[in-house]
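What follows is one structure encoded as structure tokens, with my remarks underneath.
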Amino acid sequence: MTDRSFIVRMRHLPFRLLALFVAIPAHAQDRPIGFLTPSKNIACQFFTDNGQGVLRCDIMNMDARPRRPADCELDWGHAFEMSAKGAAGRICAGDTVMDTSLPVLAYGEVWQRGGFTCRSEQTGLTCFNAMQRGFSLARGKQEVF
């Protein structure tokens with residue numbers, strides 16, 4: 001192999017690598033499963049954790065944030081989570097499920113997945129699981145039930 005043929009092959013290598021990556025199909029499960037409210041103030045995502053469904057919803061803007069517990073060193077007050085058959089509650093979180101690529105759940109619409117039901121309304125978002133446990137989220141008030 002001459003030096004020139006090596007250089008020509010190396011010059012085309014990036015294009016061959018690019019073609020390889022373009023040919024790899026994207027997997028549907030790699031995309032987040034969930035929604036945004038029309039105001040884009042609340043985002044929810046569905047996950048599977050050890051085979052059990054989990055729903056987490058984050059509210060970005062609230063009129064008041066609750067006092068952070070002493071055992072939480074991360075953000076407190078904006079994240080809510082529940083399992084398909086367990087209790088719901090606020091969680092201590094250093095991340096967010098806010099993702100602008102999520103579809104919008106229009107006011108009056110219902111979203112269901114893995115035993116969870118969420119209803120988007122102009123007054124806020126209410127989500128519950130098969131045990132009727134859940135939360136209602138709005139800028140002015142957040143409730144866990």
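The chains in the structure tokens are called A, B, ... from first to last as shown; in each chain the residues are counted from 1, and the ligands are counted from 1 in the order shown.
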Practice task
Excluding region 33-48 of chain A and any residue of its chain fewer than 6 positions from it, enumerate the residues within 12 Å of it, using only C-alpha atoms, and give them as an NGL selection string.
Solution key: :A and (54-62 or 78-84 or 96-127 or 129 or 135-140 or 142)
Exercise for the section: Report as a PyMOL selection string: the residues of chain A with a DSSP assignment of helix (DSSP H, G or I), based on the backbone of this structure. Expected result: chain A and resi 3-23+28-30
Exercise for the section: Determine which residues of region 80-132 of chain A DSSP labels as strand (DSSP E or B) from the backbone of this structure, then write them out as a list of chain:residue names. Expected result: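 Filtering region 80-132 of chain A to strand (DSSP E or B) leaves A:Phe80, A:Glu81, A:Met82, A:Ser83, A:Ala88, A:Gly89, A:Arg90, A:Ile91, A:Cys92, A:Ala93, A:Val104, A:Val110, A:Trp111, A:Gln112, A:Arg113, A:Phe116, A:Thr117, A:Cys118, A:Arg119, A:Ser120, A:Glu121, A:Gly124, A:Leu125, A:Thr126, A:Cys127, A:Phe128.
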Would you mind exporting the chosen residues as a compact mmCIF listing (two decimals), in the first residue's frame, restricted to N, CA, C and O atoms?
# COMPACT_ATOMS: atom_id res chain seq x y z
N PHE A 80 -42.78 15.14 42.01
CA PHE A 80 -43.76 14.25 42.62
C PHE A 80 -43.64 12.89 41.93
O PHE A 80 -43.45 12.83 40.72
N GLU A 81 -43.79 11.83 42.73
CA GLU A 81 -43.62 10.50 42.16
C GLU A 81 -44.54 9.50 42.84
O GLU A 81 -44.89 9.66 44.01
N MET A 82 -44.93 8.47 42.09
CA MET A 82 -45.72 7.37 42.65
C MET A 82 -45.48 6.12 41.84
O MET A 82 -45.12 6.18 40.66
N SER A 83 -45.66 4.99 42.50
CA SER A 83 -45.60 3.71 41.82
C SER A 83 -47.02 3.32 41.43
O SER A 83 -47.99 3.95 41.86
N ALA A 88 -48.18 8.14 46.80
CA ALA A 88 -47.59 9.23 46.03
C ALA A 88 -46.96 10.21 47.00
O ALA A 88 -47.33 10.26 48.18
N GLY A 89 -46.02 10.99 46.51
CA GLY A 89 -45.42 12.00 47.36
C GLY A 89 -44.41 12.87 46.64
O GLY A 89 -44.04 12.60 45.50
N ARG A 90 -43.99 13.92 47.34
CA ARG A 90 -42.89 14.76 46.84
C ARG A 90 -41.61 13.96 47.01
O ARG A 90 -41.47 13.18 47.95
N ILE A 91 -40.66 14.21 46.12
CA ILE A 91 -39.37 13.55 46.25
C ILE A 91 -38.24 14.57 46.22
O ILE A 91 -38.36 15.65 45.66
N CYS A 92 -37.15 14.20 46.83
CA CYS A 92 -35.91 14.97 46.82
C CYS A 92 -35.20 14.61 45.52
O CYS A 92 -34.89 13.45 45.28
N ALA A 93 -34.98 15.59 44.65
CA ALA A 93 -34.42 15.27 43.33
C ALA A 93 -33.42 16.32 42.87
O ALA A 93 -33.62 17.51 43.08
N VAL A 104 -47.79 17.48 24.08
CA VAL A 104 -48.65 18.26 24.97
C VAL A 104 -49.96 17.51 25.18
O VAL A 104 -50.59 17.05 24.23
N VAL A 110 -57.16 13.09 28.66
CA VAL A 110 -56.71 12.12 29.65
C VAL A 110 -55.56 11.31 29.05
O VAL A 110 -55.61 10.91 27.89
N TRP A 111 -54.54 11.06 29.87
CA TRP A 111 -53.38 10.22 29.49
C TRP A 111 -53.38 9.00 30.40
O TRP A 111 -53.55 9.15 31.62
N GLN A 112 -53.20 7.82 29.82
CA GLN A 112 -53.15 6.60 30.62
C GLN A 112 -51.98 5.73 30.16
O GLN A 112 -51.73 5.60 28.96
N ARG A 113 -51.30 5.16 31.16
CA ARG A 113 -50.17 4.27 30.87
C ARG A 113 -49.83 3.48 32.13
O ARG A 113 -49.72 4.05 33.21
N PHE A 116 -51.59 4.18 35.42
CA PHE A 116 -51.70 5.59 35.82
C PHE A 116 -52.69 6.30 34.91
O PHE A 116 -52.79 6.01 33.73
N THR A 117 -53.39 7.26 35.49
CA THR A 117 -54.30 8.11 34.73
C THR A 117 -54.01 9.56 35.12
O THR A 117 -53.91 9.88 36.30
N CYS A 118 -53.88 10.41 34.12
CA CYS A 118 -53.67 11.85 34.35
C CYS A 118 -54.67 12.63 33.51
O CYS A 118 -54.92 12.28 32.36
N ARG A 119 -55.21 13.68 34.12
CA ARG A 119 -56.15 14.56 33.41
C ARG A 119 -55.62 15.99 33.46
O ARG A 119 -55.33 16.51 34.53
N SER A 120 -55.50 16.59 32.28
CA SER A 120 -55.03 17.96 32.16
C SER A 120 -56.24 18.89 32.10
O SER A 120 -57.16 18.68 31.31
N GLU A 121 -56.24 19.89 32.96
CA GLU A 121 -57.32 20.88 32.98
C GLU A 121 -56.70 22.27 33.12
O GLU A 121 -55.55 22.40 33.55
N GLY A 124 -55.16 22.84 36.42
CA GLY A 124 -54.00 22.06 36.84
C GLY A 124 -54.05 20.64 36.32
O GLY A 124 -54.86 20.30 35.45
N LEU A 125 -53.20 19.81 36.88
CA LEU A 125 -53.07 18.42 36.46
C LEU A 125 -53.34 17.51 37.65
O LEU A 125 -52.83 17.75 38.74
N THR A 126 -54.14 16.47 37.43
CA THR A 126 -54.39 15.46 38.46
C THR A 126 -53.99 14.10 37.90
O THR A 126 -54.42 13.73 36.81
N CYS A 127 -53.18 13.37 38.68
CA CYS A 127 -52.74 12.03 38.30
C CYS A 127 -52.98 11.07 39.45
O CYS A 127 -52.79 11.45 40.62
N PHE A 128 -53.39 9.84 39.14
CA PHE A 128 -53.58 8.83 40.17
C PHE A 128 -53.25 7.46 39.62
O PHE A 128 -53.21 7.26 38.41
